[in-house]
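Have a look at model18.pdb below; it lists PDB, N, CA, C and O atoms.
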```
ATOM      1  N   MET A   1       8.932   3.251   6.728  1.00  0.00           N
ATOM      2  CA  MET A   1       9.244   2.808   5.402  1.00  0.00           C
ATOM      3  C   MET A   1       9.834   1.403   5.490  1.00  0.00           C
ATOM      4  O   MET A   1      10.719   1.146   6.299  1.00  0.00           O
ATOM      5  N   LEU A   2       9.327   0.501   4.678  1.00  0.00           N
ATOM      6  CA  LEU A   2       9.819  -0.869   4.660  1.00  0.00           C
ATOM      7  C   LEU A   2      11.106  -0.901   3.858  1.00  0.00           C
ATOM      8  O   LEU A   2      11.131  -0.528   2.689  1.00  0.00           O
ATOM      9  N   GLN A   3      12.197  -1.323   4.484  1.00  0.00           N
ATOM     10  CA  GLN A   3      13.488  -1.318   3.811  1.00  0.00           C
ATOM     11  C   GLN A   3      13.781  -2.625   3.101  1.00  0.00           C
ATOM     12  O   GLN A   3      14.276  -2.632   1.988  1.00  0.00           O
ATOM     13  N   GLN A   4      13.478  -3.727   3.761  1.00  0.00           N
ATOM     14  CA  GLN A   4      13.914  -5.004   3.230  1.00  0.00           C
ATOM     15  C   GLN A   4      12.890  -6.071   3.578  1.00  0.00           C
ATOM     16  O   GLN A   4      12.351  -6.078   4.678  1.00  0.00           O
ATOM     17  N   SER A   5      12.638  -6.963   2.645  1.00  0.00           N
ATOM     18  CA  SER A   5      11.709  -8.058   2.892  1.00  0.00           C
ATOM     19  C   SER A   5      12.212  -9.306   2.184  1.00  0.00           C
ATOM     20  O   SER A   5      12.615  -9.249   1.025  1.00  0.00           O
ATOM     21  N   LYS A   6      12.206 -10.428   2.898  1.00  0.00           N
ATOM     22  CA  LYS A   6      12.677 -11.688   2.329  1.00  0.00           C
ATOM     23  C   LYS A   6      11.804 -12.810   2.866  1.00  0.00           C
ATOM     24  O   LYS A   6      11.554 -12.885   4.065  1.00  0.00           O
ATOM     25  N   VAL A   7      11.312 -13.668   1.984  1.00  0.00           N
ATOM     26  CA  VAL A   7      10.419 -14.757   2.378  1.00  0.00           C
ATOM     27  C   VAL A   7      11.005 -16.076   1.897  1.00  0.00           C
ATOM     28  O   VAL A   7      11.387 -16.206   0.738  1.00  0.00           O
ATOM     29  N   LYS A   8      11.074 -17.032   2.807  1.00  0.00           N
ATOM     30  CA  LYS A   8      11.517 -18.384   2.456  1.00  0.00           C
ATOM     31  C   LYS A   8      10.434 -19.363   2.884  1.00  0.00           C
ATOM     32  O   LYS A   8       9.877 -19.231   3.971  1.00  0.00           O
ATOM     33  N   THR A   9      10.136 -20.329   2.038  1.00  0.00           N
ATOM     34  CA  THR A   9       9.149 -21.345   2.382  1.00  0.00           C
ATOM     35  C   THR A   9       9.789 -22.723   2.268  1.00  0.00           C
ATOM     36  O   THR A   9      10.607 -22.964   1.385  1.00  0.00           O
ATOM     37  N   PHE A  10       9.417 -23.585   3.181  1.00  0.00           N
ATOM     38  CA  PHE A  10       9.915 -24.950   3.199  1.00  0.00           C
ATOM     39  C   PHE A  10       8.735 -25.896   3.366  1.00  0.00           C
ATOM     40  O   PHE A  10       7.835 -25.624   4.137  1.00  0.00           O
ATOM     41  N   LYS A  11       8.769 -26.999   2.627  1.00  0.00           N
ATOM     42  CA  LYS A  11       7.778 -28.055   2.803  1.00  0.00           C
ATOM     43  C   LYS A  11       8.523 -29.307   3.240  1.00  0.00           C
ATOM     44  O   LYS A  11       9.563 -29.649   2.674  1.00  0.00           O
ATOM     45  N   TYR A  12       8.028 -29.947   4.269  1.00  0.00           N
ATOM     46  CA  TYR A  12       8.597 -31.214   4.653  1.00  0.00           C
ATOM     47  C   TYR A  12       7.520 -32.130   5.192  1.00  0.00           C
ATOM     48  O   TYR A  12       6.427 -31.697   5.510  1.00  0.00           O
ATOM     49  N   ARG A  13       7.857 -33.388   5.271  1.00  0.00           N
ATOM     50  CA  ARG A  13       6.869 -34.394   5.628  1.00  0.00           C
ATOM     51  C   ARG A  13       7.402 -35.266   6.750  1.00  0.00           C
ATOM     52  O   ARG A  13       8.553 -35.687   6.727  1.00  0.00           O
ATOM     53  N   VAL A  14       6.557 -35.492   7.734  1.00  0.00           N
ATOM     54  CA  VAL A  14       6.879 -36.404   8.831  1.00  0.00           C
ATOM     55  C   VAL A  14       5.752 -37.421   8.893  1.00  0.00           C
ATOM     56  O   VAL A  14       4.626 -37.076   9.245  1.00  0.00           O
ATOM     57  N   GLY A  15       6.040 -38.635   8.512  1.00  0.00           N
ATOM     58  CA  GLY A  15       5.000 -39.663   8.456  1.00  0.00           C
ATOM     59  C   GLY A  15       3.974 -39.314   7.395  1.00  0.00           C
ATOM     60  O   GLY A  15       4.308 -39.058   6.251  1.00  0.00           O
ATOM     61  N   LYS A  16       2.707 -39.270   7.782  1.00  0.00           N
ATOM     62  CA  LYS A  16       1.649 -38.892   6.849  1.00  0.00           C
ATOM     63  C   LYS A  16       1.357 -37.403   6.883  1.00  0.00           C
ATOM     64  O   LYS A  16       0.563 -36.907   6.082  1.00  0.00           O
ATOM     65  N   ASN A  17       1.968 -36.674   7.807  1.00  0.00           N
ATOM     66  CA  ASN A  17       1.688 -35.248   7.957  1.00  0.00           C
ATOM     67  C   ASN A  17       2.627 -34.408   7.098  1.00  0.00           C
ATOM     68  O   ASN A  17       3.824 -34.662   7.034  1.00  0.00           O
ATOM     69  N   LYS A  18       2.049 -33.411   6.436  1.00  0.00           N
ATOM     70  CA  LYS A  18       2.835 -32.482   5.635  1.00  0.00           C
ATOM     71  C   LYS A  18       2.852 -31.129   6.333  1.00  0.00           C
ATOM     72  O   LYS A  18       1.818 -30.661   6.809  1.00  0.00           O
ATOM     73  N   TYR A  19       4.010 -30.510   6.404  1.00  0.00           N
ATOM     74  CA  TYR A  19       4.171 -29.228   7.081  1.00  0.00           C
ATOM     75  C   TYR A  19       4.696 -28.180   6.114  1.00  0.00           C
ATOM     76  O   TYR A  19       5.530 -28.478   5.263  1.00  0.00           O
ATOM     77  N   LEU A  20       4.191 -26.978   6.264  1.00  0.00           N
ATOM     78  CA  LEU A  20       4.649 -25.831   5.485  1.00  0.00           C
ATOM     79  C   LEU A  20       5.190 -24.807   6.468  1.00  0.00           C
ATOM     80  O   LEU A  20       4.472 -24.351   7.356  1.00  0.00           O
ATOM     81  N   VAL A  21       6.458 -24.451   6.310  1.00  0.00           N
ATOM     82  CA  VAL A  21       7.104 -23.482   7.184  1.00  0.00           C
ATOM     83  C   VAL A  21       7.398 -22.236   6.355  1.00  0.00           C
ATOM     84  O   VAL A  21       7.997 -22.328   5.289  1.00  0.00           O
ATOM     85  N   ILE A  22       6.951 -21.090   6.850  1.00  0.00           N
ATOM     86  CA  ILE A  22       7.181 -19.823   6.162  1.00  0.00           C
ATOM     87  C   ILE A  22       8.023 -18.948   7.076  1.00  0.00           C
ATOM     88  O   ILE A  22       7.608 -18.627   8.187  1.00  0.00           O
ATOM     89  N   LYS A  23       9.216 -18.589   6.602  1.00  0.00           N
ATOM     90  CA  LYS A  23      10.086 -17.696   7.360  1.00  0.00           C
ATOM     91  C   LYS A  23      10.100 -16.344   6.667  1.00  0.00           C
ATOM     92  O   LYS A  23      10.394 -16.247   5.484  1.00  0.00           O
ATOM     93  N   ILE A  24       9.754 -15.300   7.419  1.00  0.00           N
ATOM     94  CA  ILE A  24       9.670 -13.955   6.868  1.00  0.00           C
ATOM     95  C   ILE A  24      10.665 -13.071   7.599  1.00  0.00           C
ATOM     96  O   ILE A  24      10.622 -12.952   8.822  1.00  0.00           O
ATOM     97  N   TYR A  25      11.562 -12.463   6.841  1.00  0.00           N
ATOM     98  CA  TYR A  25      12.532 -11.537   7.389  1.00  0.00           C
ATOM     99  C   TYR A  25      12.239 -10.164   6.798  1.00  0.00           C
ATOM    100  O   TYR A  25      12.213 -10.004   5.579  1.00  0.00           O
ATOM    101  N   GLN A  26      11.988  -9.185   7.638  1.00  0.00           N
ATOM    102  CA  GLN A  26      11.768  -7.840   7.124  1.00  0.00           C
ATOM    103  C   GLN A  26      12.163  -6.817   8.172  1.00  0.00           C
ATOM    104  O   GLN A  26      12.158  -7.097   9.363  1.00  0.00           O
ATOM    105  N   SER A  27      12.510  -5.634   7.685  1.00  0.00           N
ATOM    106  CA  SER A  27      12.887  -4.555   8.592  1.00  0.00           C
ATOM    107  C   SER A  27      12.253  -3.260   8.103  1.00  0.00           C
ATOM    108  O   SER A  27      12.087  -3.048   6.910  1.00  0.00           O
ATOM    109  N   ALA A  28      11.899  -2.406   9.053  1.00  0.00           N
ATOM    110  CA  ALA A  28      11.252  -1.135   8.726  1.00  0.00           C
ATOM    111  C   ALA A  28      11.848  -0.041   9.608  1.00  0.00           C
ATOM    112  O   ALA A  28      12.257  -0.279  10.741  1.00  0.00           O
ATOM    113  N   THR A  29      11.883   1.163   9.052  1.00  0.00           N
ATOM    114  CA  THR A  29      12.348   2.329   9.810  1.00  0.00           C
ATOM    115  C   THR A  29      11.346   3.456   9.637  1.00  0.00           C
ATOM    116  O   THR A  29      10.598   3.497   8.655  1.00  0.00           O
ATOM    117  N   ALA A  30      11.345   4.375  10.582  1.00  0.00           N
ATOM    118  CA  ALA A  30      10.444   5.533  10.506  1.00  0.00           C
ATOM    119  C   ALA A  30      11.194   6.767  11.008  1.00  0.00           C
ATOM    120  O   ALA A  30      11.986   6.691  11.951  1.00  0.00           O
ATOM    121  N   LYS A  31      10.923   7.903  10.358  1.00  0.00           N
ATOM    122  CA  LYS A  31      11.537   9.171  10.754  1.00  0.00           C
ATOM    123  C   LYS A  31      10.455  10.241  10.820  1.00  0.00           C
ATOM    124  O   LYS A  31       9.507  10.217  10.046  1.00  0.00           O
ATOM    125  N   ALA A  32      10.630  11.183  11.725  1.00  0.00           N
ATOM    126  CA  ALA A  32       9.688  12.299  11.818  1.00  0.00           C
ATOM    127  C   ALA A  32      10.446  13.533  12.317  1.00  0.00           C
ATOM    128  O   ALA A  32      11.287  13.437  13.207  1.00  0.00           O
ATOM    129  N   VAL A  33      10.129  14.676  11.725  1.00  0.00           N
ATOM    130  CA  VAL A  33      10.735  15.935  12.171  1.00  0.00           C
ATOM    131  C   VAL A  33      10.030  16.409  13.438  1.00  0.00           C
ATOM    132  O   VAL A  33      10.671  16.765  14.429  1.00  0.00           O
ATOM    133  N   HIS A  34       8.700  16.386  13.430  1.00  0.00           N
ATOM    134  CA  HIS A  34       7.914  16.766  14.598  1.00  0.00           C
ATOM    135  C   HIS A  34       6.940  15.632  14.915  1.00  0.00           C
ATOM    136  O   HIS A  34       6.354  15.033  14.023  1.00  0.00           O
ATOM    137  N   GLY A  35       6.762  15.323  16.177  1.00  0.00           N
ATOM    138  CA  GLY A  35       5.771  14.321  16.584  1.00  0.00           C
ATOM    139  C   GLY A  35       6.354  12.924  16.656  1.00  0.00           C
ATOM    140  O   GLY A  35       7.556  12.732  16.768  1.00  0.00           O
ATOM    141  N   ASN A  36       5.466  11.947  16.579  1.00  0.00           N
ATOM    142  CA  ASN A  36       5.853  10.548  16.752  1.00  0.00           C
ATOM    143  C   ASN A  36       5.931   9.831  15.410  1.00  0.00           C
ATOM    144  O   ASN A  36       5.233  10.177  14.466  1.00  0.00           O
ATOM    145  N   ALA A  37       6.769   8.808  15.370  1.00  0.00           N
ATOM    146  CA  ALA A  37       6.893   7.963  14.186  1.00  0.00           C
ATOM    147  C   ALA A  37       6.829   6.504  14.633  1.00  0.00           C
ATOM    148  O   ALA A  37       7.364   6.146  15.685  1.00  0.00           O
ATOM    149  N   LEU A  38       6.165   5.696  13.848  1.00  0.00           N
ATOM    150  CA  LEU A  38       5.998   4.285  14.190  1.00  0.00           C
ATOM    151  C   LEU A  38       6.495   3.437  13.027  1.00  0.00           C
ATOM    152  O   LEU A  38       6.041   3.591  11.894  1.00  0.00           O
ATOM    153  N   ALA A  39       7.445   2.560  13.309  1.00  0.00           N
ATOM    154  CA  ALA A  39       7.928   1.605  12.313  1.00  0.00           C
ATOM    155  C   ALA A  39       7.302   0.262  12.628  1.00  0.00           C
ATOM    156  O   ALA A  39       7.559  -0.311  13.678  1.00  0.00           O
ATOM    157  N   SER A  40       6.465  -0.228  11.747  1.00  0.00           N
ATOM    158  CA  SER A  40       5.734  -1.467  11.996  1.00  0.00           C
ATOM    159  C   SER A  40       6.310  -2.599  11.154  1.00  0.00           C
ATOM    160  O   SER A  40       6.544  -2.439   9.957  1.00  0.00           O
ATOM    161  N   ASN A  41       6.541  -3.712  11.793  1.00  0.00           N
ATOM    162  CA  ASN A  41       6.992  -4.908  11.088  1.00  0.00           C
ATOM    163  C   ASN A  41       5.848  -5.902  10.914  1.00  0.00           C
ATOM    164  O   ASN A  41       6.068  -7.079  10.724  1.00  0.00           O
ATOM    165  N   ALA A  42       4.626  -5.430  10.999  1.00  0.00           N
ATOM    166  CA  ALA A  42       3.468  -6.317  10.869  1.00  0.00           C
ATOM    167  C   ALA A  42       3.340  -6.811   9.430  1.00  0.00           C
ATOM    168  O   ALA A  42       3.748  -6.148   8.482  1.00  0.00           O
ATOM    169  N   ILE A  43       2.749  -7.977   9.299  1.00  0.00           N
ATOM    170  CA  ILE A  43       2.559  -8.555   7.968  1.00  0.00           C
ATOM    171  C   ILE A  43       1.199  -9.241   7.923  1.00  0.00           C
ATOM    172  O   ILE A  43       0.734  -9.788   8.931  1.00  0.00           O
ATOM    173  N   ASN A  44       0.563  -9.190   6.775  1.00  0.00           N
ATOM    174  CA  ASN A  44      -0.689  -9.907   6.546  1.00  0.00           C
ATOM    175  C   ASN A  44      -0.363 -11.138   5.713  1.00  0.00           C
ATOM    176  O   ASN A  44       0.246 -11.037   4.661  1.00  0.00           O
ATOM    177  N   LEU A  45      -0.786 -12.290   6.194  1.00  0.00           N
ATOM    178  CA  LEU A  45      -0.458 -13.536   5.536  1.00  0.00           C
ATOM    179  C   LEU A  45      -1.717 -14.369   5.383  1.00  0.00           C
ATOM    180  O   LEU A  45      -2.456 -14.569   6.347  1.00  0.00           O
ATOM    181  N   LYS A  46      -1.960 -14.832   4.174  1.00  0.00           N
ATOM    182  CA  LYS A  46      -3.107 -15.701   3.913  1.00  0.00           C
ATOM    183  C   LYS A  46      -2.599 -17.008   3.337  1.00  0.00           C
ATOM    184  O   LYS A  46      -1.782 -17.024   2.430  1.00  0.00           O
ATOM    185  N   ILE A  47      -3.098 -18.094   3.880  1.00  0.00           N
ATOM    186  CA  ILE A  47      -2.724 -19.424   3.394  1.00  0.00           C
ATOM    187  C   ILE A  47      -3.992 -20.111   2.911  1.00  0.00           C
ATOM    188  O   ILE A  47      -4.959 -20.249   3.658  1.00  0.00           O
ATOM    189  N   PHE A  48      -3.979 -20.507   1.667  1.00  0.00           N
ATOM    190  CA  PHE A  48      -5.111 -21.201   1.074  1.00  0.00           C
ATOM    191  C   PHE A  48      -4.713 -22.638   0.776  1.00  0.00           C
ATOM    192  O   PHE A  48      -3.603 -22.905   0.333  1.00  0.00           O
ATOM    193  N   LYS A  49      -5.627 -23.525   1.023  1.00  0.00           N
ATOM    194  CA  LYS A  49      -5.399 -24.914   0.667  1.00  0.00           C
ATOM    195  C   LYS A  49      -5.905 -25.134  -0.748  1.00  0.00           C
ATOM    196  O   LYS A  49      -7.053 -24.835  -1.060  1.00  0.00           O
ATOM    197  N   ALA A  50      -5.023 -25.644  -1.594  1.00  0.00           N
ATOM    198  CA  ALA A  50      -5.389 -25.867  -2.992  1.00  0.00           C
ATOM    199  C   ALA A  50      -6.357 -27.037  -3.080  1.00  0.00           C
ATOM    200  O   ALA A  50      -6.185 -28.062  -2.415  1.00  0.00           O
ATOM    201  N   ILE A  51      -7.376 -26.871  -3.872  1.00  0.00           N
ATOM    202  CA  ILE A  51      -8.352 -27.937  -4.084  1.00  0.00           C
ATOM    203  C   ILE A  51      -7.765 -28.904  -5.113  1.00  0.00           C
ATOM    204  O   ILE A  51      -7.418 -28.509  -6.223  1.00  0.00           O
ATOM    205  N   GLN A  52      -7.639 -30.149  -4.705  1.00  0.00           N
ATOM    206  CA  GLN A  52      -7.065 -31.142  -5.600  1.00  0.00           C
ATOM    207  C   GLN A  52      -8.122 -31.654  -6.558  1.00  0.00           C
ATOM    208  O   GLN A  52      -9.242 -31.944  -6.170  1.00  0.00           O
ATOM    209  N   LYS A  53      -7.731 -31.743  -7.811  1.00  0.00           N
ATOM    210  CA  LYS A  53      -8.629 -32.280  -8.816  1.00  0.00           C
ATOM    211  C   LYS A  53      -8.547 -33.798  -8.780  1.00  0.00           C
ATOM    212  O   LYS A  53      -7.473 -34.372  -8.739  1.00  0.00           O
ATOM    213  N   ARG A  54      -9.702 -34.421  -8.769  1.00  0.00           N
ATOM    214  CA  ARG A  54      -9.725 -35.880  -8.752  1.00  0.00           C
ATOM    215  C   ARG A  54      -9.783 -36.393 -10.173  1.00  0.00           C
ATOM    216  O   ARG A  54     -10.587 -35.939 -10.979  1.00  0.00           O
ATOM    217  N   ARG A  55      -8.938 -37.334 -10.448  1.00  0.00           N
ATOM    218  CA  ARG A  55      -8.888 -37.913 -11.786  1.00  0.00           C
ATOM    219  C   ARG A  55      -9.808 -39.126 -11.858  1.00  0.00           C
ATOM    220  O   ARG A  55      -9.861 -39.944 -10.942  1.00  0.00           O
ATOM    221  N   LYS A  56     -10.522 -39.203 -12.930  1.00  0.00           N
ATOM    222  CA  LYS A  56     -11.392 -40.358 -13.136  1.00  0.00           C
ATOM    223  C   LYS A  56     -10.579 -41.479 -13.768  1.00  0.00           C
ATOM    224  O   LYS A  56      -9.831 -41.264 -14.712  1.00  0.00           O
ATOM    225  N   LYS A  57     -10.722 -42.651 -13.203  1.00  0.00           N
ATOM    226  CA  LYS A  57     -10.009 -43.804 -13.736  1.00  0.00           C
ATOM    227  C   LYS A  57     -10.915 -44.513 -14.728  1.00  0.00           C
ATOM    228  O   LYS A  57     -12.065 -44.804 -14.445  1.00  0.00           O
ATOM    229  N   ARG A  58     -10.383 -44.715 -15.878  1.00  0.00           N
ATOM    230  CA  ARG A  58     -11.136 -45.430 -16.904  1.00  0.00           C
ATOM    231  C   ARG A  58     -10.537 -46.824 -17.069  1.00  0.00           C
ATOM    232  O   ARG A  58      -9.340 -46.975 -17.292  1.00  0.00           O
ATOM    233  N   TYR A  59     -11.360 -47.792 -16.935  1.00  0.00           N
ATOM    234  CA  TYR A  59     -10.915 -49.158 -17.085  1.00  0.00           C
ATOM    235  C   TYR A  59     -11.386 -49.671 -18.437  1.00  0.00           C
ATOM    236  O   TYR A  59     -12.521 -49.483 -18.843  1.00  0.00           O
ATOM    237  N   LEU A  60     -10.469 -50.298 -19.109  1.00  0.00           N
ATOM    238  CA  LEU A  60     -10.797 -50.857 -20.421  1.00  0.00           C
ATOM    239  C   LEU A  60     -11.531 -52.178 -20.235  1.00  0.00           C
ATOM    240  O   LEU A  60     -11.115 -53.027 -19.447  1.00  0.00           O
ATOM    241  N   GLN A  61     -12.635 -52.284 -20.930  1.00  0.00           N
ATOM    242  CA  GLN A  61     -13.373 -53.538 -20.872  1.00  0.00           C
ATOM    243  C   GLN A  61     -13.029 -54.327 -22.123  1.00  0.00           C
ATOM    244  O   GLN A  61     -13.082 -53.812 -23.231  1.00  0.00           O
ATOM    245  N   GLY A  62     -12.659 -55.576 -21.938  1.00  0.00           N
ATOM    246  CA  GLY A  62     -12.229 -56.335 -23.095  1.00  0.00           C
ATOM    247  C   GLY A  62     -12.797 -57.649 -23.174  1.00  0.00           C
ATOM    248  O   GLY A  62     -13.412 -58.458 -22.990  1.00  0.00           O
TER
END
```
Mind converting the file's structure to structure tokens?
Amino acid sequence: MLQQSKVKTFKYRVGKNKYLVIKIYQSATAKAVHGNALASNAINLKIFKAIQKRRKKRYLQG
């Protein structure tokens, strides 16, 4: 059973490079009367890059 989950994200920039840091804190426990019990702290994480919309520049002709 997952007891606690906490996610923190940080964005920072070094020069021209941008970094995304994801810190995940979670804890799980398992109990069984007979047999084995497994407490898994595994996580599935997907990171998608957002598609940037390009703006059209309109120049006034005068």
Q: Name all residues at most 8 Å from range 34-47 of chain A (count all atoms listed in the file; drop same-chain ones fewer than 3 positions away) and give them as number ranges by chain.
A: A: 1-3, 24-31, 50
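A straight line drawn from atom O of Val21 in chain A to CA of Lys6 in chain A is 12.0 Å long.
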Q: Once DSSP has gone over the backbone, tell me which residues of chain A are in strand (DSSP E or B), as a list in words.
A: Leu2, Gln3, Gln4, Ser5, Lys6, Val7, Lys8, Thr9, Phe10, Lys11, Tyr12, Arg13, Val14, Asn17, Lys18, Tyr19, Leu20, Val21, Ile22, Lys23, Ile24, Tyr25, Gln26, Ser27 and Ala28 of chain A
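Going from atom N of Lys23 in chain A over to CA of Lys11 in chain A, you cover 10.3 Å.
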